[in-house]
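This report refers to the structure that appears directly beneath it.
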Amino acid sequence: MNRRALVIVLLVAANLVSAVMVVQAKHKTRELAHQLQEERVRHDHLATEWAQLQLEESAWANPDRVAQVARTKLHMVQPKSYVVLEPGQ
Amino acid sequence: MSSRKRNDRIPVPARWRGYFVLALFGVFAVALVGRAIDLQVVDQAFLTQEGDKRHLRTVSVPAGRGAIEDRNGEPLALSAPTESVWAVPGAVLEAPEKLPALADNLGMSTAELRNRLEEYKSRQFLYLRRQLSPADARKVMDVGAPGIFLQREYKRYYPAGEAAAQIVGLTNIDGRGQEGLELDRDTFLHGESGSRRVVKDRVGRVVEDIAEFEPPQPGHDLQLTIDSRLQYMAYRQIKEAVVKNDAKGGIVVMLDPTSGELRAVASYPSFNPNDRSSINRAGVRARAVTDVMEPGSTIKPILLSNALDTGLYTTEDTIHTRGWFQVGRLTVKDFRNYGDEDFAKILQKSSNVGAAHVGLKMGAEGVWKTYNAFGLGQATGTGFPGERRGVLKDFYTWNDVETATASYGYGLSVTALQLIRAYGAIADDGWLRSLRLIKGEGSRMHAQPQQVISAKTAATMRRLLEGVVAPAGTATRAAISGYRVAGKTGTARKAGGGGYNKQRHQALFVGMAPAEDPVLVTLVMLDEPQKDAYYGGAVAAPVFASVMRDALRLLRVPPDEPEILAAASDTKAGT
């Protein structure tokens, strides 16, 4: 009789503990899901910004524009003759 | 023990009761099946409609399309997220005070907006504006009007614009490939949309996110062998030349002979892929790949290479000519009488008579086999959609007249890519390689390179071709100070309805530098230049010189002309 009561008490206790753990796990899941959602939004924003920066960069680095700036602003000219130096030479 | 006794006392139920229950179950089963048929078959349409009204929706999550990059990772085509504004017309009209602000941010008049909303009032979905920038879309949302939503869409941008438009191609508004590589590699570039199941309310707001999330699969990036700097430059120069010579069009192709990779494939006219309304058919064609032409005199180095390689002639042999000669009904003519010619002179003066003599000595089969070995009449390996193979008729249909004309490049047609590929073999010690437009994984299987002439013959031919650019040659204007250039001019009369047209020409120049060990082969073609001088040497050679000069400097190729090097090292010593 004593042993049976003990088993029941233990089972009830285990049941309680597992119930609390289920609640905790659920809570944690929600928290993480929320976090994931936030990260997704952030990823999305960053991806958008990255694409826009790439476009901006390619607009600034357009060879026609670079050539024009080199000629007009920096007064660069095409060399008539030249030698090519390798690094370390 | 006592319970057992109690059970024993329960009387056995009558058999009919069991049958009754079974019959009852049977009736239930029939009723259920009947109801199921009723729902699934008879009322199906009605119920689906009703279900839709309750807004359990699968929302598609769009995936980005892969970028197309040049060999240095510079973007040639790029997808950037944009927002499309859509509305539930009925819900928006419930807040008329918001309409002016909304219309303002959407770039339309208030009356216009109201009319559209009224017109589609019965609908649940109406695009108000597609592909707005994210910043502008946020302003629209900040108005706070009910029934207004954003939908993520990707817009394709082409930073290289018209310079690489025909090769890169373009997509349609729904993001699927429509032209060029965008079309050819659509499945590789295109991503798979993901999905999300949500419950929406009457005005379309997401009220509950059911945890079924299928993440979108973005498309793969495609890297080309094109160098965007060379591409830009080639396009700018050919455009300038076409306009200056009042030509119908033009092509510049640049090839790295040691790898078979195309560095630039530019043609004019082109189109601006960022502005859909400017597109016309003529501009969309990738002329270097899809247009065939007669190679004219540019074929001579290929023919003579083989004559040298097989030992039929040596560079010391001379051929006696007198300015013209008769083959059947055909009179082969030179510009003037060049007398005794060796190979150097045939190429330097571009002598048809000399080439015809060589061709006839090789015979129809020999000439055909040479051209076939150099890849004429065959696919180049780029895999570009709509690539043509040109026409190289079988030699057994040739008589002496056809053999003679084929020797100086008439009676067969090639694409610019086939021609530059053949010159690539002269540039790269006789190795004929598959042409490549796509790097890495995206490239298809390529055939092994074939050695079509010996390295020694190739070197000899390059030396002979330097004579074309020398002061006595036909293409003095292809010379580049500081570099040794080898190349060949060509002028083809275009065949029209009634045979060759004397007024319409194609001016060609194919060349390579530095001649000793070429790093770049460049082909220039101008279609129907209208000015008096239509010869390849006069029209195409200067374009070659300016394109090649800039390209060699960009690629940091050291000058190989001895005097220039000496002069330069003097100044270096002085500093």
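In the structure tokens, chains take letters A, B, ... by order of appearance, with residues numbered from 1 within each chain and ligands from 1 in the order shown.
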
Original post:
Which residues of chain B are close to chain A, meaning at most 7 Å apart when you count only C-alpha atoms, and how do they look as a count of residues only?
Top reply: 10

**OP:** Mind checking which residues fall within 10 Å of Arg276 of chain B, counting only C-alpha atoms, ignoring those fewer than 2 positions away in the same chain, and posting them as a PyMOL selection string?
**Re:** chain B and resi 170-173+271-274+278-280

Selection export as a short mmCIF file (atom, residue, chain, number, x, y, z; two decimals), in the first residue's frame, atoms kept: N, CA and C atoms:
data_model
loop_
_atom_site.label_atom_id
_atom_site.label_comp_id
_atom_site.auth_asym_id
_atom_site.auth_seq_id
_atom_site.Cartn_x
_atom_site.Cartn_y
_atom_site.Cartn_z
N LEU B 170 16.91 40.08 -71.68
CA LEU B 170 16.09 40.71 -70.66
C LEU B 170 14.92 39.81 -70.27
N THR B 171 14.27 40.20 -69.17
CA THR B 171 13.14 39.43 -68.67
C THR B 171 11.86 40.21 -68.96
N ASN B 172 10.73 39.52 -68.89
CA ASN B 172 9.46 40.21 -69.00
C ASN B 172 9.05 40.74 -67.62
N ILE B 173 7.90 41.40 -67.53
CA ILE B 173 7.52 42.05 -66.27
C ILE B 173 7.30 41.04 -65.15
N PHE B 271 19.70 48.11 -77.72
CA PHE B 271 18.50 48.65 -77.08
C PHE B 271 18.79 48.82 -75.61
N ASN B 272 17.97 49.65 -74.97
CA ASN B 272 18.17 49.86 -73.54
C ASN B 272 17.27 48.90 -72.76
N PRO B 273 17.87 47.87 -72.13
CA PRO B 273 17.03 46.87 -71.46
C PRO B 273 16.32 47.41 -70.23
N ASN B 274 16.73 48.60 -69.75
CA ASN B 274 16.05 49.18 -68.59
C ASN B 274 14.79 49.94 -68.98
N SER B 278 11.66 51.07 -75.41
CA SER B 278 12.61 51.43 -76.47
C SER B 278 13.03 50.23 -77.32
N ILE B 279 12.46 49.05 -77.03
CA ILE B 279 12.99 47.85 -77.66
C ILE B 279 12.43 47.66 -79.07
N ASN B 280 13.33 47.47 -80.02
CA ASN B 280 12.89 47.10 -81.37
C ASN B 280 13.63 45.84 -81.80
#

Taking only C-alpha atoms into account, produce a table as a Markdown table in which each residue of segment 124-233 of chain B with an atom at most 10 Å from an atom of segment 87-110 of chain B appears once, together with its shortest atom pair and the distance in Å to one decimal, ordered by chain and rising number.
| residue | atom | partner | partner_atom | distance |
| --- | --- | --- | --- | --- |
| B:Gln124 | CA | B:Val88 | CA | 4.9 |
| B:Phe125 | CA | B:Val88 | CA | 5.2 |
| B:Leu126 | CA | B:Ala87 | CA | 5.3 |
| B:Tyr127 | CA | B:Ala87 | CA | 6.4 |
| B:Leu128 | CA | B:Ala87 | CA | 6.8 |
| B:Arg129 | CA | B:Leu106 | CA | 6.9 |
| B:Leu132 | CA | B:Leu106 | CA | 9.0 |
| B:Asp136 | CA | B:Asn105 | CA | 7.5 |
| B:Ala137 | CA | B:Asn105 | CA | 8.4 |
| B:Arg138 | CA | B:Asn105 | CA | 9.7 |
| B:Lys139 | CA | B:Asn105 | CA | 6.8 |
| B:Val140 | CA | B:Asn105 | CA | 5.6 |
| B:Met141 | CA | B:Leu102 | CA | 8.6 |
| B:Asp142 | CA | B:Leu102 | CA | 9.3 |
| B:Val143 | CA | B:Leu102 | CA | 6.3 |
| B:Gly144 | CA | B:Lys98 | CA | 7.8 |
| B:Ala145 | CA | B:Lys98 | CA | 5.8 |
| B:Pro146 | CA | B:Val92 | CA | 5.4 |
| B:Gly147 | CA | B:Ala91 | CA | 5.0 |
| B:Ile148 | CA | B:Ala87 | CA | 4.5 |
| B:Phe149 | CA | B:Ala87 | CA | 6.0 |
| B:Leu150 | CA | B:Ala87 | CA | 8.5 |
| B:Arg202 | CA | B:Ala91 | CA | 9.0 |
| B:Val203 | CA | B:Ala91 | CA | 6.3 |
| B:Gly204 | CA | B:Val88 | CA | 7.4 |

Original post:
Skipping near chain neighbours, those fewer than 2 positions away, what residues fall within 7 Å of Val253 of chain B using only C-alpha atoms, listed as a list in words?
Top reply: Ile251, Leu255, Ala264, Val265, Ala266, Thr522, Leu523 and Val524 of chain B

From a DSSP pass on the backbone, collect the residues of chain A flagged as helix (DSSP H, G or I) and hand them back as a compact mmCIF listing (two decimals) with N, CA and C atoms, in the first residue's frame.
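Final output, states-v1.txt:
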# COMPACT_ATOMS: atom_id res chain seq x y z
N ASN A 2 1.83 1.24 0.88
CA ASN A 2 2.75 2.37 0.99
C ASN A 2 3.50 2.60 -0.32
N ARG A 3 3.90 1.49 -0.95
CA ARG A 3 4.66 1.59 -2.21
C ARG A 3 3.79 2.15 -3.34
N ARG A 4 2.51 1.69 -3.33
CA ARG A 4 1.61 2.17 -4.38
C ARG A 4 1.39 3.68 -4.26
N ALA A 5 1.18 4.14 -3.01
CA ALA A 5 0.98 5.57 -2.78
C ALA A 5 2.20 6.35 -3.26
N LEU A 6 3.38 5.81 -2.93
CA LEU A 6 4.62 6.48 -3.33
C LEU A 6 4.70 6.62 -4.86
N VAL A 7 4.35 5.50 -5.54
CA VAL A 7 4.38 5.52 -7.02
C VAL A 7 3.44 6.59 -7.55
N ILE A 8 2.24 6.64 -6.95
CA ILE A 8 1.26 7.63 -7.42
C ILE A 8 1.76 9.04 -7.21
N VAL A 9 2.32 9.28 -6.01
CA VAL A 9 2.85 10.63 -5.72
C VAL A 9 3.94 10.98 -6.72
N LEU A 10 4.82 10.01 -6.97
CA LEU A 10 5.91 10.26 -7.91
C LEU A 10 5.38 10.58 -9.30
N LEU A 11 4.38 9.79 -9.73
CA LEU A 11 3.81 10.01 -11.06
C LEU A 11 3.16 11.37 -11.16
N VAL A 12 2.42 11.74 -10.09
CA VAL A 12 1.79 13.07 -10.09
C VAL A 12 2.85 14.16 -10.19
N ALA A 13 3.93 13.98 -9.43
CA ALA A 13 5.00 14.98 -9.44
C ALA A 13 5.62 15.07 -10.83
N ALA A 14 5.89 13.88 -11.41
CA ALA A 14 6.49 13.85 -12.75
C ALA A 14 5.57 14.53 -13.75
N ASN A 15 4.26 14.25 -13.59
CA ASN A 15 3.27 14.85 -14.46
C ASN A 15 3.33 16.38 -14.38
N LEU A 16 3.41 16.88 -13.16
CA LEU A 16 3.46 18.33 -12.95
C LEU A 16 4.69 18.93 -13.61
N VAL A 17 5.84 18.24 -13.33
CA VAL A 17 7.10 18.75 -13.89
C VAL A 17 7.02 18.80 -15.42
N SER A 18 6.50 17.72 -16.01
CA SER A 18 6.44 17.67 -17.48
C SER A 18 5.49 18.72 -18.01
N ALA A 19 4.39 18.97 -17.26
CA ALA A 19 3.45 20.00 -17.69
C ALA A 19 4.13 21.36 -17.73
N VAL A 20 4.89 21.65 -16.67
CA VAL A 20 5.61 22.93 -16.63
C VAL A 20 6.60 23.02 -17.79
N MET A 21 7.26 21.87 -18.04
CA MET A 21 8.24 21.87 -19.11
C MET A 21 7.59 22.09 -20.48
N VAL A 22 6.40 21.51 -20.65
CA VAL A 22 5.67 21.72 -21.92
C VAL A 22 5.36 23.20 -22.09
N VAL A 23 4.89 23.79 -21.00
CA VAL A 23 4.57 25.23 -21.07
C VAL A 23 5.83 26.02 -21.44
N GLN A 24 6.92 25.67 -20.77
CA GLN A 24 8.17 26.37 -21.03
C GLN A 24 8.60 26.21 -22.49
N ALA A 25 8.50 24.97 -22.97
CA ALA A 25 8.92 24.71 -24.35
C ALA A 25 8.07 25.50 -25.33
N LYS A 26 6.78 25.52 -25.05
CA LYS A 26 5.86 26.29 -25.90
C LYS A 26 6.25 27.75 -25.92
N HIS A 27 6.54 28.25 -24.73
CA HIS A 27 6.92 29.65 -24.60
C HIS A 27 8.19 29.94 -25.40
N LYS A 28 9.13 29.03 -25.21
CA LYS A 28 10.43 29.17 -25.89
C LYS A 28 10.22 29.14 -27.41
N THR A 29 9.36 28.21 -27.86
CA THR A 29 9.07 28.12 -29.30
C THR A 29 8.55 29.43 -29.83
N ARG A 30 7.60 29.99 -29.09
CA ARG A 30 7.00 31.26 -29.54
C ARG A 30 8.05 32.35 -29.60
N GLU A 31 8.87 32.36 -28.55
CA GLU A 31 9.92 33.37 -28.49
C GLU A 31 10.85 33.26 -29.69
N LEU A 32 11.27 32.01 -29.96
CA LEU A 32 12.20 31.78 -31.06
C LEU A 32 11.55 32.06 -32.41
N ALA A 33 10.26 31.69 -32.52
CA ALA A 33 9.55 31.95 -33.76
C ALA A 33 9.50 33.45 -34.02
N HIS A 34 9.25 34.19 -32.96
CA HIS A 34 9.20 35.63 -33.06
C HIS A 34 10.56 36.18 -33.50
N GLN A 35 11.59 35.64 -32.84
CA GLN A 35 12.95 36.06 -33.16
C GLN A 35 13.27 35.77 -34.63
N LEU A 36 12.88 34.57 -35.06
CA LEU A 36 13.12 34.16 -36.44
C LEU A 36 12.44 35.13 -37.40
N GLN A 37 11.22 35.46 -37.07
CA GLN A 37 10.47 36.39 -37.90
C GLN A 37 11.20 37.72 -38.00
N GLU A 38 11.68 38.18 -36.83
CA GLU A 38 12.40 39.46 -36.82
C GLU A 38 13.66 39.40 -37.67
N GLU A 39 14.37 38.27 -37.55
CA GLU A 39 15.60 38.11 -38.33
C GLU A 39 15.29 38.06 -39.82
N ARG A 40 14.16 37.43 -40.14
CA ARG A 40 13.77 37.37 -41.55
C ARG A 40 13.53 38.77 -42.10
N VAL A 41 12.85 39.57 -41.31
CA VAL A 41 12.57 40.94 -41.74
C VAL A 41 13.89 41.69 -41.92
N ARG A 42 14.80 41.48 -40.96
CA ARG A 42 16.10 42.15 -41.02
C ARG A 42 16.87 41.70 -42.27
N HIS A 43 16.86 40.40 -42.50
CA HIS A 43 17.53 39.83 -43.67
C HIS A 43 16.99 40.46 -44.94
N ASP A 44 15.67 40.59 -44.94
CA ASP A 44 15.00 41.17 -46.08
C ASP A 44 15.43 42.61 -46.32
N HIS A 45 15.47 43.38 -45.23
CA HIS A 45 15.90 44.77 -45.33
C HIS A 45 17.32 44.87 -45.86
N LEU A 46 18.19 44.00 -45.28
CA LEU A 46 19.59 44.04 -45.67
C LEU A 46 19.76 43.63 -47.13
N ALA A 47 18.98 42.63 -47.55
CA ALA A 47 19.07 42.19 -48.95
C ALA A 47 18.66 43.31 -49.89
N THR A 48 17.60 44.00 -49.50
CA THR A 48 17.13 45.14 -50.30
C THR A 48 18.22 46.20 -50.40
N GLU A 49 18.80 46.49 -49.23
CA GLU A 49 19.82 47.54 -49.20
C GLU A 49 21.03 47.12 -50.04
N TRP A 50 21.41 45.87 -49.92
CA TRP A 50 22.57 45.35 -50.66
C TRP A 50 22.35 45.48 -52.16
N ALA A 51 21.15 45.08 -52.61
CA ALA A 51 20.86 45.19 -54.04
C ALA A 51 20.94 46.64 -54.48
N GLN A 52 20.41 47.53 -53.61
CA GLN A 52 20.42 48.94 -53.99
C GLN A 52 21.83 49.51 -54.01
N LEU A 53 22.65 49.08 -53.04
CA LEU A 53 24.04 49.55 -53.01
C LEU A 53 24.80 49.06 -54.23
N GLN A 54 24.54 47.81 -54.62
CA GLN A 54 25.21 47.27 -55.81
C GLN A 54 24.85 48.09 -57.05
N LEU A 55 23.57 48.43 -57.15
CA LEU A 55 23.13 49.23 -58.29
C LEU A 55 23.79 50.60 -58.27
N GLU A 56 23.83 51.18 -57.07
CA GLU A 56 24.41 52.50 -56.92
C GLU A 56 25.89 52.46 -57.31
N GLU A 57 26.57 51.42 -56.81
CA GLU A 57 28.00 51.27 -57.10
C GLU A 57 28.23 51.15 -58.60
N SER A 58 27.40 50.34 -59.26
CA SER A 58 27.64 50.16 -60.69
C SER A 58 27.29 51.42 -61.47
N ALA A 59 26.39 52.22 -60.92
CA ALA A 59 26.09 53.50 -61.59
C ALA A 59 27.28 54.45 -61.47
N TRP A 60 27.86 54.52 -60.26
CA TRP A 60 29.03 55.40 -60.06
C TRP A 60 30.22 54.90 -60.85
N PRO A 63 31.93 52.90 -66.69
CA PRO A 63 33.16 53.32 -67.35
C PRO A 63 33.05 54.67 -68.06
N ASP A 64 31.91 54.95 -68.64
CA ASP A 64 31.74 56.24 -69.31
C ASP A 64 31.90 57.39 -68.33
N ARG A 65 31.31 57.22 -67.15
CA ARG A 65 31.39 58.25 -66.14
C ARG A 65 32.82 58.38 -65.62
N VAL A 66 33.45 57.23 -65.38
CA VAL A 66 34.82 57.24 -64.87
C VAL A 66 35.74 57.95 -65.87
N ALA A 67 35.56 57.61 -67.17
CA ALA A 67 36.39 58.23 -68.19
C ALA A 67 36.19 59.74 -68.21
N GLN A 68 34.93 60.15 -68.07
CA GLN A 68 34.64 61.58 -68.11
C GLN A 68 35.26 62.31 -66.93
N VAL A 69 35.11 61.73 -65.74
CA VAL A 69 35.68 62.35 -64.54
C VAL A 69 37.20 62.41 -64.66
N ALA A 70 37.79 61.31 -65.18
CA ALA A 70 39.24 61.28 -65.32
C ALA A 70 39.72 62.39 -66.24
N ARG A 71 39.00 62.59 -67.33
CA ARG A 71 39.42 63.61 -68.31
C ARG A 71 39.17 65.02 -67.80
N THR A 72 37.95 65.28 -67.32
CA THR A 72 37.60 66.66 -67.01
C THR A 72 38.08 67.09 -65.63

**OP:** May I have the residues within 7 Å of segment 465-474 of chain B as a list in words, using only C-alpha atoms and disregarding those fewer than 3 positions away in the same chain?
**Re:**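 Residues meeting the cut-off are Ala344, Leu347, Gln348, Lys349, Met461, Arg462, Ala478, Ala479, Val485, Ala486, Gly487, Lys488 and Gly537 of chain B.
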
Residues just named, written with N, CA and C atoms as an mmCIF file, in the first residue's frame:
data_model
loop_
_atom_site.group_PDB
_atom_site.id
_atom_site.type_symbol
_atom_site.label_atom_id
_atom_site.label_comp_id
_atom_site.auth_asym_id
_atom_site.auth_seq_id
_atom_site.Cartn_x
_atom_site.Cartn_y
_atom_site.Cartn_z
ATOM 1 N N ALA B 344 53.612 35.973 -98.174
ATOM 2 C CA ALA B 344 53.609 37.258 -97.479
ATOM 3 C C ALA B 344 52.910 38.308 -98.329
ATOM 4 N N LEU B 347 49.031 37.864 -98.775
ATOM 5 C CA LEU B 347 48.289 38.372 -97.622
ATOM 6 C C LEU B 347 48.378 39.890 -97.544
ATOM 7 N N GLN B 348 49.586 40.396 -97.757
ATOM 8 C CA GLN B 348 49.791 41.838 -97.624
ATOM 9 C C GLN B 348 48.932 42.609 -98.616
ATOM 10 N N LYS B 349 48.865 42.114 -99.855
ATOM 11 C CA LYS B 349 48.097 42.810 -100.892
ATOM 12 C C LYS B 349 46.680 42.252 -100.999
ATOM 13 N N MET B 461 52.407 32.107 -89.657
ATOM 14 C CA MET B 461 51.253 32.844 -90.181
ATOM 15 C C MET B 461 51.097 34.189 -89.482
ATOM 16 N N ARG B 462 51.339 34.216 -88.158
ATOM 17 C CA ARG B 462 51.233 35.494 -87.448
ATOM 18 C C ARG B 462 52.265 36.488 -87.967
ATOM 19 N N ALA B 478 45.424 49.750 -88.944
ATOM 20 C CA ALA B 478 45.198 48.855 -87.808
ATOM 21 C C ALA B 478 46.400 48.829 -86.877
ATOM 22 N N ALA B 479 47.477 49.511 -87.266
ATOM 23 C CA ALA B 479 48.699 49.492 -86.456
ATOM 24 C C ALA B 479 48.474 50.204 -85.120
ATOM 25 N N VAL B 485 51.134 43.993 -84.303
ATOM 26 C CA VAL B 485 49.774 43.548 -84.597
ATOM 27 C C VAL B 485 49.784 42.651 -85.825
ATOM 28 N N ALA B 486 49.059 41.533 -85.757
ATOM 29 C CA ALA B 486 48.868 40.681 -86.924
ATOM 30 C C ALA B 486 47.384 40.645 -87.216
ATOM 31 N N GLY B 487 47.023 40.740 -88.494
ATOM 32 C CA GLY B 487 45.596 40.728 -88.791
ATOM 33 C C GLY B 487 45.338 40.689 -90.274
ATOM 34 N N LYS B 488 44.072 40.655 -90.635
ATOM 35 C CA LYS B 488 43.703 40.576 -92.051
ATOM 36 C C LYS B 488 42.412 41.337 -92.280
ATOM 37 N N GLY B 537 40.074 47.711 -94.840
ATOM 38 C CA GLY B 537 41.259 48.418 -94.372
ATOM 39 C C GLY B 537 40.971 49.864 -94.009
#

Just the residues within 8 Å of segment 360-376 of chain B, please, counting only C-alpha atoms, with nothing from its chain fewer than 6 positions along; format it as a PDB file with N, CA and C atoms, in the first residue's frame.
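So the final result, stored in out11.pdb, reads:
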ATOM      1  N   ILE B 302      43.477  31.392 -93.250  1.00  0.00           N
ATOM      2  CA  ILE B 302      43.097  30.025 -92.878  1.00  0.00           C
ATOM      3  C   ILE B 302      43.522  29.058 -93.974  1.00  0.00           C
ATOM      4  N   LEU B 303      43.229  29.448 -95.224  1.00  0.00           N
ATOM      5  CA  LEU B 303      43.595  28.622 -96.370  1.00  0.00           C
ATOM      6  C   LEU B 303      45.117  28.456 -96.447  1.00  0.00           C
ATOM      7  N   ASN B 306      46.888  26.233 -93.856  1.00  0.00           N
ATOM      8  CA  ASN B 306      46.837  24.805 -94.137  1.00  0.00           C
ATOM      9  C   ASN B 306      47.796  24.418 -95.263  1.00  0.00           C
ATOM     10  N   ALA B 307      47.909  25.308 -96.269  1.00  0.00           N
ATOM     11  CA  ALA B 307      48.840  25.044 -97.373  1.00  0.00           C
ATOM     12  C   ALA B 307      50.274  24.947 -96.842  1.00  0.00           C
ATOM     13  N   LEU B 312      52.424  21.914 -98.815  1.00  0.00           N
ATOM     14  CA  LEU B 312      52.091  22.160-100.215  1.00  0.00           C
ATOM     15  C   LEU B 312      52.890  23.352-100.741  1.00  0.00           C
ATOM     16  N   ARG B 389      24.978  28.335 -87.841  1.00  0.00           N
ATOM     17  CA  ARG B 389      26.180  27.585 -88.189  1.00  0.00           C
ATOM     18  C   ARG B 389      26.780  28.017 -89.512  1.00  0.00           C
ATOM     19  N   GLY B 390      26.131  28.963 -90.198  1.00  0.00           N
ATOM     20  CA  GLY B 390      26.647  29.377 -91.489  1.00  0.00           C
ATOM     21  C   GLY B 390      26.449  28.290 -92.526  1.00  0.00           C
ATOM     22  N   LEU B 392      28.558  25.964 -95.305  1.00  0.00           N
ATOM     23  CA  LEU B 392      29.743  25.479 -95.995  1.00  0.00           C
ATOM     24  C   LEU B 392      29.287  24.249 -96.776  1.00  0.00           C
ATOM     25  N   ASP B 394      28.978  21.036 -99.241  1.00  0.00           N
ATOM     26  CA  ASP B 394      29.884  19.904 -99.390  1.00  0.00           C
ATOM     27  C   ASP B 394      30.732  20.037-100.646  1.00  0.00           C
ATOM     28  N   PHE B 395      31.993  19.616-100.530  1.00  0.00           N
ATOM     29  CA  PHE B 395      32.957  19.862-101.612  1.00  0.00           C
ATOM     30  C   PHE B 395      32.614  19.126-102.905  1.00  0.00           C
ATOM     31  N   TYR B 396      31.883  18.002-102.801  1.00  0.00           N
ATOM     32  CA  TYR B 396      31.606  17.283-104.047  1.00  0.00           C
ATOM     33  C   TYR B 396      30.625  18.034-104.948  1.00  0.00           C
ATOM     34  N   TRP B 398      31.258  21.174-105.516  1.00  0.00           N
ATOM     35  CA  TRP B 398      32.056  22.296-106.012  1.00  0.00           C
ATOM     36  C   TRP B 398      32.691  21.945-107.358  1.00  0.00           C
ATOM     37  N   ASN B 399      32.691  22.898-108.286  1.00  0.00           N
ATOM     38  CA  ASN B 399      33.548  22.791-109.461  1.00  0.00           C
ATOM     39  C   ASN B 399      34.729  23.745-109.266  1.00  0.00           C
ATOM     40  N   ASP B 400      35.583  23.893-110.283  1.00  0.00           N
ATOM     41  CA  ASP B 400      36.760  24.740-110.127  1.00  0.00           C
ATOM     42  C   ASP B 400      36.397  26.188-109.793  1.00  0.00           C
ATOM     43  N   THR B 403      35.589  26.315-106.148  1.00  0.00           N
ATOM     44  CA  THR B 403      36.804  26.152-105.353  1.00  0.00           C
ATOM     45  C   THR B 403      37.605  27.452-105.349  1.00  0.00           C
ATOM     46  N   ALA B 404      37.710  28.085-106.524  1.00  0.00           N
ATOM     47  CA  ALA B 404      38.472  29.333-106.630  1.00  0.00           C
ATOM     48  C   ALA B 404      37.835  30.429-105.786  1.00  0.00           C
ATOM     49  N   ALA B 406      35.785  30.092-103.261  1.00  0.00           N
ATOM     50  CA  ALA B 406      35.877  29.751-101.837  1.00  0.00           C
ATOM     51  C   ALA B 406      37.262  30.102-101.287  1.00  0.00           C
ATOM     52  N   SER B 407      38.284  30.056-102.149  1.00  0.00           N
ATOM     53  CA  SER B 407      39.649  30.354-101.710  1.00  0.00           C
ATOM     54  C   SER B 407      39.803  31.799-101.246  1.00  0.00           C
ATOM     55  N   VAL B 414      29.653  32.560 -92.779  1.00  0.00           N
ATOM     56  CA  VAL B 414      30.080  32.241 -91.414  1.00  0.00           C
ATOM     57  C   VAL B 414      29.502  33.287 -90.466  1.00  0.00           C
ATOM     58  N   GLN B 418      32.327  32.227 -85.498  1.00  0.00           N
ATOM     59  CA  GLN B 418      33.078  31.162 -86.169  1.00  0.00           C
ATOM     60  C   GLN B 418      34.405  31.692 -86.701  1.00  0.00           C
ATOM     61  N   LEU B 419      34.346  32.910 -87.257  1.00  0.00           N
ATOM     62  CA  LEU B 419      35.548  33.486 -87.847  1.00  0.00           C
ATOM     63  C   LEU B 419      36.593  33.780 -86.768  1.00  0.00           C
ATOM     64  N   ARG B 421      36.846  32.390 -83.929  1.00  0.00           N
ATOM     65  CA  ARG B 421      37.309  31.122 -83.357  1.00  0.00           C
ATOM     66  C   ARG B 421      38.434  30.551 -84.209  1.00  0.00           C
ATOM     67  N   ALA B 422      38.264  30.637 -85.549  1.00  0.00           N
ATOM     68  CA  ALA B 422      39.298  30.139 -86.448  1.00  0.00           C
ATOM     69  C   ALA B 422      40.591  30.942 -86.273  1.00  0.00           C
ATOM     70  N   ALA B 425      42.735  29.968 -83.374  1.00  0.00           N
ATOM     71  CA  ALA B 425      43.666  28.852 -83.584  1.00  0.00           C
ATOM     72  C   ALA B 425      45.011  29.371 -84.089  1.00  0.00           C
ATOM     73  N   LEU B 432      42.401  24.914 -81.873  1.00  0.00           N
ATOM     74  CA  LEU B 432      41.035  25.397 -82.077  1.00  0.00           C
ATOM     75  C   LEU B 432      40.203  25.029 -80.854  1.00  0.00           C
ATOM     76  N   VAL B 452      44.742  22.218 -85.098  1.00  0.00           N
ATOM     77  CA  VAL B 452      44.434  22.163 -86.526  1.00  0.00           C
ATOM     78  C   VAL B 452      45.654  22.486 -87.388  1.00  0.00           C
TER      79      VAL B 452
END

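Going from atom CA of Asp428 of chain B to atom CA of Asp256 of chain B covers 9.3 Å.
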
**OP:** Work out how far atom CA of Asp246 of chain B is from atom CA of Glu162 of chain B, in Å to one decimal.
**Re:**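 Distance between the two atoms: 19.5 Å.
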
**OP:** Per DSSP on the backbone, filter segment 29-81 of chain B down to the residues in strand (DSSP E or B) and report them as JSON, numbers by chain.
**Re:** {"B": [56, 57, 58, 59, 60, 61, 68, 69, 75, 76, 77, 78, 79, 80, 81]}

For the selection just defined, write its residues with C-alpha atoms to a file, as an mmCIF file, in the first residue's frame.
data_model
loop_
_atom_site.group_PDB
_atom_site.id
_atom_site.type_symbol
_atom_site.label_atom_id
_atom_site.label_comp_id
_atom_site.auth_asym_id
_atom_site.auth_seq_id
_atom_site.Cartn_x
_atom_site.Cartn_y
_atom_site.Cartn_z
ATOM 1 C CA LEU B 56 -7.708 30.929 -45.883
ATOM 2 C CA ARG B 57 -4.987 31.803 -48.314
ATOM 3 C CA THR B 58 -1.648 30.548 -49.433
ATOM 4 C CA VAL B 59 0.462 33.628 -49.908
ATOM 5 C CA SER B 60 3.355 33.204 -52.289
ATOM 6 C CA VAL B 61 6.705 34.499 -51.057
ATOM 7 C CA ILE B 68 24.305 37.829 -64.159
ATOM 8 C CA GLU B 69 27.864 38.976 -63.554
ATOM 9 C CA PRO B 75 26.739 42.956 -62.180
ATOM 10 C CA LEU B 76 25.300 42.893 -65.701
ATOM 11 C CA ALA B 77 21.791 42.023 -64.564
ATOM 12 C CA LEU B 78 20.541 42.347 -61.013
ATOM 13 C CA SER B 79 17.220 41.872 -59.279
ATOM 14 C CA ALA B 80 16.300 44.407 -56.638
ATOM 15 C CA PRO B 81 13.200 44.084 -54.471
#
